Every structure is written in structure tokens, then in C-alpha cells.
Amino acid sequence: MYDMPLAERMRPQRIEDLLGQDSLLSQGGLLTSMIQRGTLPSMILWGPPGCGKTTLAKLLAASTKQPFHPLSAVDAGVKEVRNVIEQSHGLFKPLLFLDEIHRFNKAQQDALLGAVEQGRITLIGATTENPSFS
């Protein structure tokens, strides 16, 4: 157990344990309502390092029973994205969490486009860069 970093050991395990973002996660909040309906849209999470983007994505996947597939745009490419998309034929569509999404170039982004538009995957991108400019 102590092989895990402290941040990983302290990570909330349930959406109810996540602190902050009350407007989204409180009773009647936007994300809470979506979780209760079982419909989660694709989205971009923007914020500074360590603010909980990855934790929120993991908890959203768990709350909607979607298989969680984390990738980093620093290391992953079109091949890894297509591997996740190929898994989109089961009962629960995969949730692709793409960290540092702002690092994907246009061709890599295009590999995601069809699956997201068709609703075959749920894409949650995380970035520290302002999405309006990157």
C-alpha cells in the first residue's frame, strides 16, 4: 500500500467524497443530474496541475459505469486512440480520458472526431492551457 504516492492514496474513491465544484456536483448540479440520468457528454476539463481533473474524470466514469481509458497526449497517438474506439461496441461505451489534450495536433484530433460525434465514446480532455487559445 505504501508503494503508492500519497496523492494516489488520498484520491477520493466516490463522487460524493470529492470536495469543491458544488455548482456541478451538489444535489441538482449539472454533473450530478447527468450521472443520475446515466448520460455523460464529452467535455474539456481545464485547470492548473493537481486541481483534480483526473480524479473527476475517474469518478465520472465509475459513477456512469463506463470503462475508463486514460491516455496522455504526450505519449499516445492515433494508434492508442483507435484501440480505445475499437472497444466501443460493448454494453457500456468507453470513457477516453486524454490528459494534456492540447498537445494533440489536428490529424490526431481528427482521429477522435467521428467516434465522439457518433457517441461511440465519451471523451474527457484535460488541459492546463486555456482551451480558447490552445
# chains A, B, ... in the order shown; residues from 1 in each chain; ligands from 1
>>> residues_around(residues="segment 92-106 of chain A", least_positions_apart="2", cutoff="7 Å", atoms="only C-alpha atoms", output="PyMOL selection string")
chain A and resi 57+61+65-74+87-90+108-110+120-127+129+134
>>> write_last_selection(atoms="N, CA, C and O atoms", output="tab-separated table (two decimals), in the first residue's frame")
chain	number	residue	atom	x	y	z
A	57	ALA	N	-12.52	12.90	-13.64
A	57	ALA	CA	-12.79	12.02	-14.79
A	57	ALA	C	-12.95	10.56	-14.34
A	57	ALA	O	-13.88	9.87	-14.80
A	61	ALA	N	-16.45	8.34	-14.67
A	61	ALA	CA	-16.50	7.04	-15.34
A	61	ALA	C	-17.09	5.98	-14.41
A	61	ALA	O	-17.97	5.21	-14.81
A	65	LYS	N	-20.57	3.92	-14.83
A	65	LYS	CA	-20.21	2.54	-15.18
A	65	LYS	C	-19.58	2.44	-16.58
A	65	LYS	O	-19.80	1.48	-17.30
A	66	GLN	N	-18.81	3.47	-16.94
A	66	GLN	CA	-18.11	3.45	-18.22
A	66	GLN	C	-16.68	2.99	-18.00
A	66	GLN	O	-16.02	3.44	-17.05
A	67	PRO	N	-16.18	2.11	-18.84
A	67	PRO	CA	-14.78	1.71	-18.74
A	67	PRO	C	-13.88	2.94	-18.92
A	67	PRO	O	-14.08	3.71	-19.85
A	68	PHE	N	-12.93	3.12	-18.02
A	68	PHE	CA	-12.05	4.29	-18.01
A	68	PHE	C	-10.74	3.95	-18.72
A	68	PHE	O	-10.05	3.02	-18.35
A	69	HIS	N	-10.43	4.73	-19.75
A	69	HIS	CA	-9.21	4.53	-20.53
A	69	HIS	C	-8.39	5.81	-20.50
A	69	HIS	O	-8.64	6.73	-21.28
A	70	PRO	N	-7.41	5.89	-19.59
A	70	PRO	CA	-6.59	7.11	-19.53
A	70	PRO	C	-5.43	7.05	-20.52
A	70	PRO	O	-4.74	6.03	-20.65
A	71	LEU	N	-5.25	8.13	-21.25
A	71	LEU	CA	-4.10	8.29	-22.15
A	71	LEU	C	-3.52	9.68	-21.92
A	71	LEU	O	-4.23	10.59	-21.53
A	72	SER	N	-2.24	9.80	-22.18
A	72	SER	CA	-1.59	11.10	-22.15
A	72	SER	C	-1.24	11.48	-23.57
A	72	SER	O	-0.61	10.70	-24.29
A	73	ALA	N	-1.63	12.67	-23.98
A	73	ALA	CA	-1.32	13.13	-25.33
A	73	ALA	C	0.18	13.29	-25.55
A	73	ALA	O	0.64	13.36	-26.68
A	74	VAL	N	0.94	13.32	-24.47
A	74	VAL	CA	2.40	13.40	-24.58
A	74	VAL	C	2.94	12.08	-25.14
A	74	VAL	O	3.86	12.08	-25.96
A	87	GLN	N	-13.04	-0.58	-28.82
A	87	GLN	CA	-13.70	-1.21	-27.67
A	87	GLN	C	-15.09	-0.64	-27.42
A	87	GLN	O	-15.71	-0.94	-26.42
A	88	SER	N	-15.59	0.16	-28.35
A	88	SER	CA	-16.84	0.87	-28.12
A	88	SER	C	-18.08	0.10	-28.55
A	88	SER	O	-19.12	0.68	-28.77
A	89	HIS	N	-17.98	-1.21	-28.63
A	89	HIS	CA	-19.13	-2.00	-29.08
A	89	HIS	C	-19.81	-2.76	-27.95
A	89	HIS	O	-20.74	-3.50	-28.18
A	90	GLY	N	-19.35	-2.56	-26.72
A	90	GLY	CA	-19.94	-3.28	-25.59
A	90	GLY	C	-21.15	-2.57	-25.04
A	90	GLY	O	-21.65	-1.59	-25.59
A	108	GLN	N	-4.30	14.12	-35.20
A	108	GLN	CA	-4.64	13.29	-34.06
A	108	GLN	C	-6.04	13.62	-33.55
A	108	GLN	O	-6.80	12.72	-33.18
A	109	GLN	N	-6.40	14.89	-33.56
A	109	GLN	CA	-7.74	15.28	-33.15
A	109	GLN	C	-8.79	14.70	-34.09
A	109	GLN	O	-9.85	14.27	-33.66
A	110	ASP	N	-8.48	14.69	-35.38
A	110	ASP	CA	-9.42	14.14	-36.36
A	110	ASP	C	-9.71	12.66	-36.12
A	110	ASP	O	-10.80	12.18	-36.44
A	120	ARG	N	-19.89	7.08	-29.88
A	120	ARG	CA	-19.31	5.76	-29.59
A	120	ARG	C	-18.41	5.80	-28.38
A	120	ARG	O	-18.20	4.77	-27.72
A	121	ILE	N	-17.84	6.95	-28.07
A	121	ILE	CA	-17.02	7.12	-26.87
A	121	ILE	C	-17.42	8.42	-26.21
A	121	ILE	O	-17.99	9.31	-26.83
A	122	THR	N	-17.10	8.51	-24.93
A	122	THR	CA	-17.18	9.77	-24.22
A	122	THR	C	-15.74	10.24	-24.06
A	122	THR	O	-14.90	9.49	-23.56
A	123	LEU	N	-15.46	11.43	-24.52
A	123	LEU	CA	-14.11	11.99	-24.42
A	123	LEU	C	-14.08	13.04	-23.33
A	123	LEU	O	-14.90	13.97	-23.33
A	124	ILE	N	-13.18	12.86	-22.39
A	124	ILE	CA	-12.90	13.91	-21.42
A	124	ILE	C	-11.44	14.28	-21.62
A	124	ILE	O	-10.54	13.47	-21.40
A	125	GLY	N	-11.24	15.49	-22.09
A	125	GLY	CA	-9.89	16.01	-22.27
A	125	GLY	C	-9.53	16.87	-21.08
A	125	GLY	O	-10.37	17.59	-20.54
A	126	ALA	N	-8.27	16.79	-20.68
A	126	ALA	CA	-7.79	17.62	-19.58
A	126	ALA	C	-6.63	18.47	-20.08
A	126	ALA	O	-5.79	17.99	-20.85
A	127	THR	N	-6.64	19.72	-19.67
A	127	THR	CA	-5.60	20.63	-20.12
A	127	THR	C	-5.32	21.69	-19.07
A	127	THR	O	-6.22	22.08	-18.31
A	129	GLU	N	-3.88	24.40	-20.35
A	129	GLU	CA	-3.88	25.53	-21.26
A	129	GLU	C	-5.31	25.99	-21.50
A	129	GLU	O	-6.23	25.18	-21.59
A	134	SER	N	-5.73	27.37	-27.13
A	134	SER	CA	-4.87	26.23	-27.49
A	134	SER	C	-5.66	25.19	-28.28
A	134	SER	O	-6.77	24.92	-27.99
>>> residues_around(residues="Leu25 of chain A", least_positions_apart="2", cutoff="12 Å", atoms="only C-alpha atoms", output="JSON, numbers by chain")
{"A": [14, 15, 16, 17, 18, 19, 20, 21, 22, 23, 27, 28, 29, 30, 31, 32, 33, 34, 35, 36, 56, 59, 60, 63]}
>>> atom_distance(atom1="atom CA of Gly38 of chain A", atom2="atom CA of Gly77 of chain A")
29.1 Å
>>> select_by_dssp(residues="segment 39-89 of chain A", states="helix (DSSP H, G or I)", output="ChimeraX atom specification")
/A:53-63,78-86
>>> write_last_selection(atoms="N, CA and C atoms", output="short mmCIF file (atom, residue, chain, number, x, y, z; two decimals), in the first residue's frame")
data_model
loop_
_atom_site.label_atom_id
_atom_site.label_comp_id
_atom_site.auth_asym_id
_atom_site.auth_seq_id
_atom_site.Cartn_x
_atom_site.Cartn_y
_atom_site.Cartn_z
N LYS A 53 -8.53 17.23 -12.02
CA LYS A 53 -9.12 16.90 -13.32
C LYS A 53 -9.17 15.39 -13.54
N THR A 54 -8.06 14.71 -13.28
CA THR A 54 -8.01 13.26 -13.46
C THR A 54 -8.94 12.56 -12.48
N THR A 55 -8.94 13.00 -11.25
CA THR A 55 -9.81 12.39 -10.24
C THR A 55 -11.27 12.54 -10.64
N LEU A 56 -11.66 13.72 -11.08
CA LEU A 56 -13.05 13.94 -11.50
C LEU A 56 -13.40 13.02 -12.67
N ALA A 57 -12.52 12.90 -13.64
CA ALA A 57 -12.79 12.02 -14.79
C ALA A 57 -12.95 10.56 -14.34
N LYS A 58 -12.07 10.09 -13.47
CA LYS A 58 -12.18 8.71 -12.96
C LYS A 58 -13.50 8.48 -12.24
N LEU A 59 -13.88 9.43 -11.42
CA LEU A 59 -15.12 9.29 -10.65
C LEU A 59 -16.35 9.37 -11.54
N LEU A 60 -16.30 10.20 -12.58
CA LEU A 60 -17.42 10.26 -13.52
C LEU A 60 -17.56 8.93 -14.25
N ALA A 61 -16.45 8.34 -14.67
CA ALA A 61 -16.50 7.04 -15.34
C ALA A 61 -17.09 5.98 -14.41
N ALA A 62 -16.62 5.95 -13.18
CA ALA A 62 -17.12 4.97 -12.22
C ALA A 62 -18.61 5.17 -11.93
N SER A 63 -19.02 6.42 -11.81
CA SER A 63 -20.42 6.73 -11.49
C SER A 63 -21.38 6.38 -12.62
N VAL A 78 -2.47 8.25 -32.54
CA VAL A 78 -3.68 7.78 -33.21
C VAL A 78 -3.91 6.29 -32.95
N LYS A 79 -2.86 5.51 -32.92
CA LYS A 79 -2.99 4.06 -32.70
C LYS A 79 -3.68 3.76 -31.36
N GLU A 80 -3.23 4.42 -30.31
CA GLU A 80 -3.80 4.18 -28.99
C GLU A 80 -5.26 4.66 -28.92
N VAL A 81 -5.54 5.78 -29.57
CA VAL A 81 -6.91 6.30 -29.60
C VAL A 81 -7.81 5.30 -30.33
N ARG A 82 -7.35 4.79 -31.46
CA ARG A 82 -8.16 3.82 -32.21
C ARG A 82 -8.38 2.54 -31.43
N ASN A 83 -7.40 2.13 -30.63
CA ASN A 83 -7.58 0.93 -29.79
C ASN A 83 -8.73 1.12 -28.81
N VAL A 84 -8.86 2.31 -28.24
CA VAL A 84 -9.97 2.59 -27.33
C VAL A 84 -11.30 2.63 -28.11
N ILE A 85 -11.28 3.27 -29.26
CA ILE A 85 -12.51 3.38 -30.06
C ILE A 85 -13.00 1.99 -30.47
N GLU A 86 -12.10 1.08 -30.77
CA GLU A 86 -12.48 -0.29 -31.16
C GLU A 86 -13.21 -1.02 -30.04
#
>>> atom_distance(atom1="atom CA of Glu8 of chain A", atom2="atom CA of Thr128 of chain A")
19.8 Å
>>> atom_distance(atom1="atom CA of Asn130 of chain A", atom2="atom CA of Ala111 of chain A")
22.0 Å
